[in-house]
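S.K.: Got entry-v4.pdb for you, PDB, C-alpha atoms:
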ATOM      1  CA  MET A   1       0.000   0.000   0.000  1.00  0.00           C
ATOM      2  CA  MET A   2       1.107   3.526  -0.643  1.00  0.00           C
ATOM      3  CA  THR A   3       0.074   6.797   0.968  1.00  0.00           C
ATOM      4  CA  SER A   4       1.131  10.383   0.426  1.00  0.00           C
ATOM      5  CA  ILE A   5       2.403  13.090   2.763  1.00  0.00           C
ATOM      6  CA  THR A   6       0.346  16.266   3.184  1.00  0.00           C
ATOM      7  CA  LYS A   7       1.775  19.784   3.257  1.00  0.00           C
ATOM      8  CA  ARG A   8       1.506  19.552   7.063  1.00  0.00           C
ATOM      9  CA  TRP A   9       3.755  16.411   6.978  1.00  0.00           C
ATOM     10  CA  GLN A  10       0.893  14.046   7.843  1.00  0.00           C
ATOM     11  CA  THR A  11      -0.037  10.708   6.311  1.00  0.00           C
ATOM     12  CA  VAL A  12      -2.991   8.310   6.528  1.00  0.00           C
ATOM     13  CA  ILE A  13      -2.899   4.739   7.790  1.00  0.00           C
ATOM     14  CA  PRO A  14      -4.878   2.692   5.247  1.00  0.00           C
ATOM     15  CA  ALA A  15      -8.151   1.288   6.623  1.00  0.00           C
ATOM     16  CA  PRO A  16      -7.222  -2.409   6.195  1.00  0.00           C
ATOM     17  CA  ILE A  17      -4.073  -1.866   8.287  1.00  0.00           C
ATOM     18  CA  ARG A  18      -5.971   0.159  10.935  1.00  0.00           C
ATOM     19  CA  LYS A  19      -8.556  -2.602  11.230  1.00  0.00           C
ATOM     20  CA  ARG A  20      -6.040  -5.480  11.293  1.00  0.00           C
ATOM     21  CA  HIS A  21      -4.053  -3.853  14.104  1.00  0.00           C
ATOM     22  CA  ALA A  22      -7.038  -2.244  15.889  1.00  0.00           C
ATOM     23  CA  ILE A  23      -5.499   1.240  15.593  1.00  0.00           C
ATOM     24  CA  ARG A  24      -7.869   3.945  16.788  1.00  0.00           C
ATOM     25  CA  GLU A  25      -7.816   7.726  17.059  1.00  0.00           C
ATOM     26  CA  GLY A  26      -5.535   8.774  19.908  1.00  0.00           C
ATOM     27  CA  ASP A  27      -3.376   5.625  19.778  1.00  0.00           C
ATOM     28  CA  TYR A  28       0.390   5.991  19.608  1.00  0.00           C
ATOM     29  CA  LEU A  29       2.813   4.750  16.960  1.00  0.00           C
ATOM     30  CA  VAL A  30       6.558   4.246  17.305  1.00  0.00           C
ATOM     31  CA  TRP A  31       8.655   5.180  14.258  1.00  0.00           C
ATOM     32  CA  LEU A  32      11.875   3.173  13.837  1.00  0.00           C
ATOM     33  CA  ASP A  33      14.464   4.430  11.343  1.00  0.00           C
ATOM     34  CA  ASP A  34      17.444   2.140  10.724  1.00  0.00           C
ATOM     35  CA  GLY A  35      18.904   4.407   8.051  1.00  0.00           C
ATOM     36  CA  GLU A  36      17.541   2.332   5.161  1.00  0.00           C
ATOM     37  CA  THR A  37      13.921   1.660   6.069  1.00  0.00           C
ATOM     38  CA  ILE A  38      11.266   3.156   8.327  1.00  0.00           C
ATOM     39  CA  LYS A  39       8.994   0.891  10.378  1.00  0.00           C
ATOM     40  CA  VAL A  40       5.839   2.102  12.106  1.00  0.00           C
ATOM     41  CA  ILE A  41       4.877   0.042  15.168  1.00  0.00           C
ATOM     42  CA  PRO A  42       1.508   0.472  16.916  1.00  0.00           C
ATOM     43  CA  VAL A  43       1.806   0.780  20.695  1.00  0.00           C
ATOM     44  CA  PRO A  44      -0.797  -1.373  22.479  1.00  0.00           C
ATOM     45  CA  ALA A  45      -3.182   0.542  24.739  1.00  0.00           C
ATOM     46  CA  ASP A  46      -2.299  -1.831  27.605  1.00  0.00           C
ATOM     47  CA  PRO A  47       1.118  -3.454  27.066  1.00  0.00           C
ATOM     48  CA  VAL A  48       0.669  -5.624  30.175  1.00  0.00           C
ATOM     49  CA  THR A  49      -2.475  -7.220  28.730  1.00  0.00           C
ATOM     50  CA  LEU A  50      -0.727  -7.845  25.430  1.00  0.00           C
ATOM     51  CA  ARG A  51       2.181  -9.526  27.187  1.00  0.00           C
ATOM     52  CA  GLN A  52      -0.127 -11.806  29.204  1.00  0.00           C
ATOM     53  CA  SER A  53      -1.847 -13.008  26.025  1.00  0.00           C
ATOM     54  CA  TYR A  54       1.238 -14.993  24.904  1.00  0.00           C
TER      55      TYR A  54
END
So, in terms of structure tokens, how does the structure I just supplied come out?

M.R.:
Amino acid sequence: MMTSITKRWQTVIPAPIRKRHAIREGDYLVWLDDGETIKVIPVPADPVTLRQSY
């Protein structure tokens, strides 16, 4: 999937990705830049609950 950057430096998370990862308004994302690629990682609302689910 491809998105564009607005003049305010914003982008949109495509709906299928938002739904698959249950990303909602107000959630946080971590941006990882290794110098070659950029990864965007959703931060779970309750990391303790996520950890207990394994």

S.K.: Can you measure CA of Trp31 (chain A) to CA of Val43 (chain A) for me? One decimal in Å is fine.

M.R.: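 Computing it gives 10.4 Å between the two atoms.
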
S.K.: Could you jot down the CA of Pro44 (chain A) to CA of Gly26 (chain A) separation for me, Å, one decimal place?

M.R.: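 Straight-line distance from CA of Pro44 (chain A) to CA of Gly26 (chain A) works out to 11.5 Å.
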
S.K.: Do you know which residues are at most 12 Å from Ile17 (chain A) counting only C-alpha atoms, after dropping those on the same chain fewer than 3 positions away, and could you put them as a list in words?

M.R.: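 The residues satisfying every condition are Met1, Met2, Val12, Ile13, Pro14, Arg20, His21, Ala22, Ile23, Arg24, Val40, Ile41 and Pro42 of chain A.
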
S.K.: So what do you get for CA of Val30 (chain A) versus CA of Lys7 (chain A), distance-wise?

M.R.: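 Distance reported for this atom pair: 21.5 Å.
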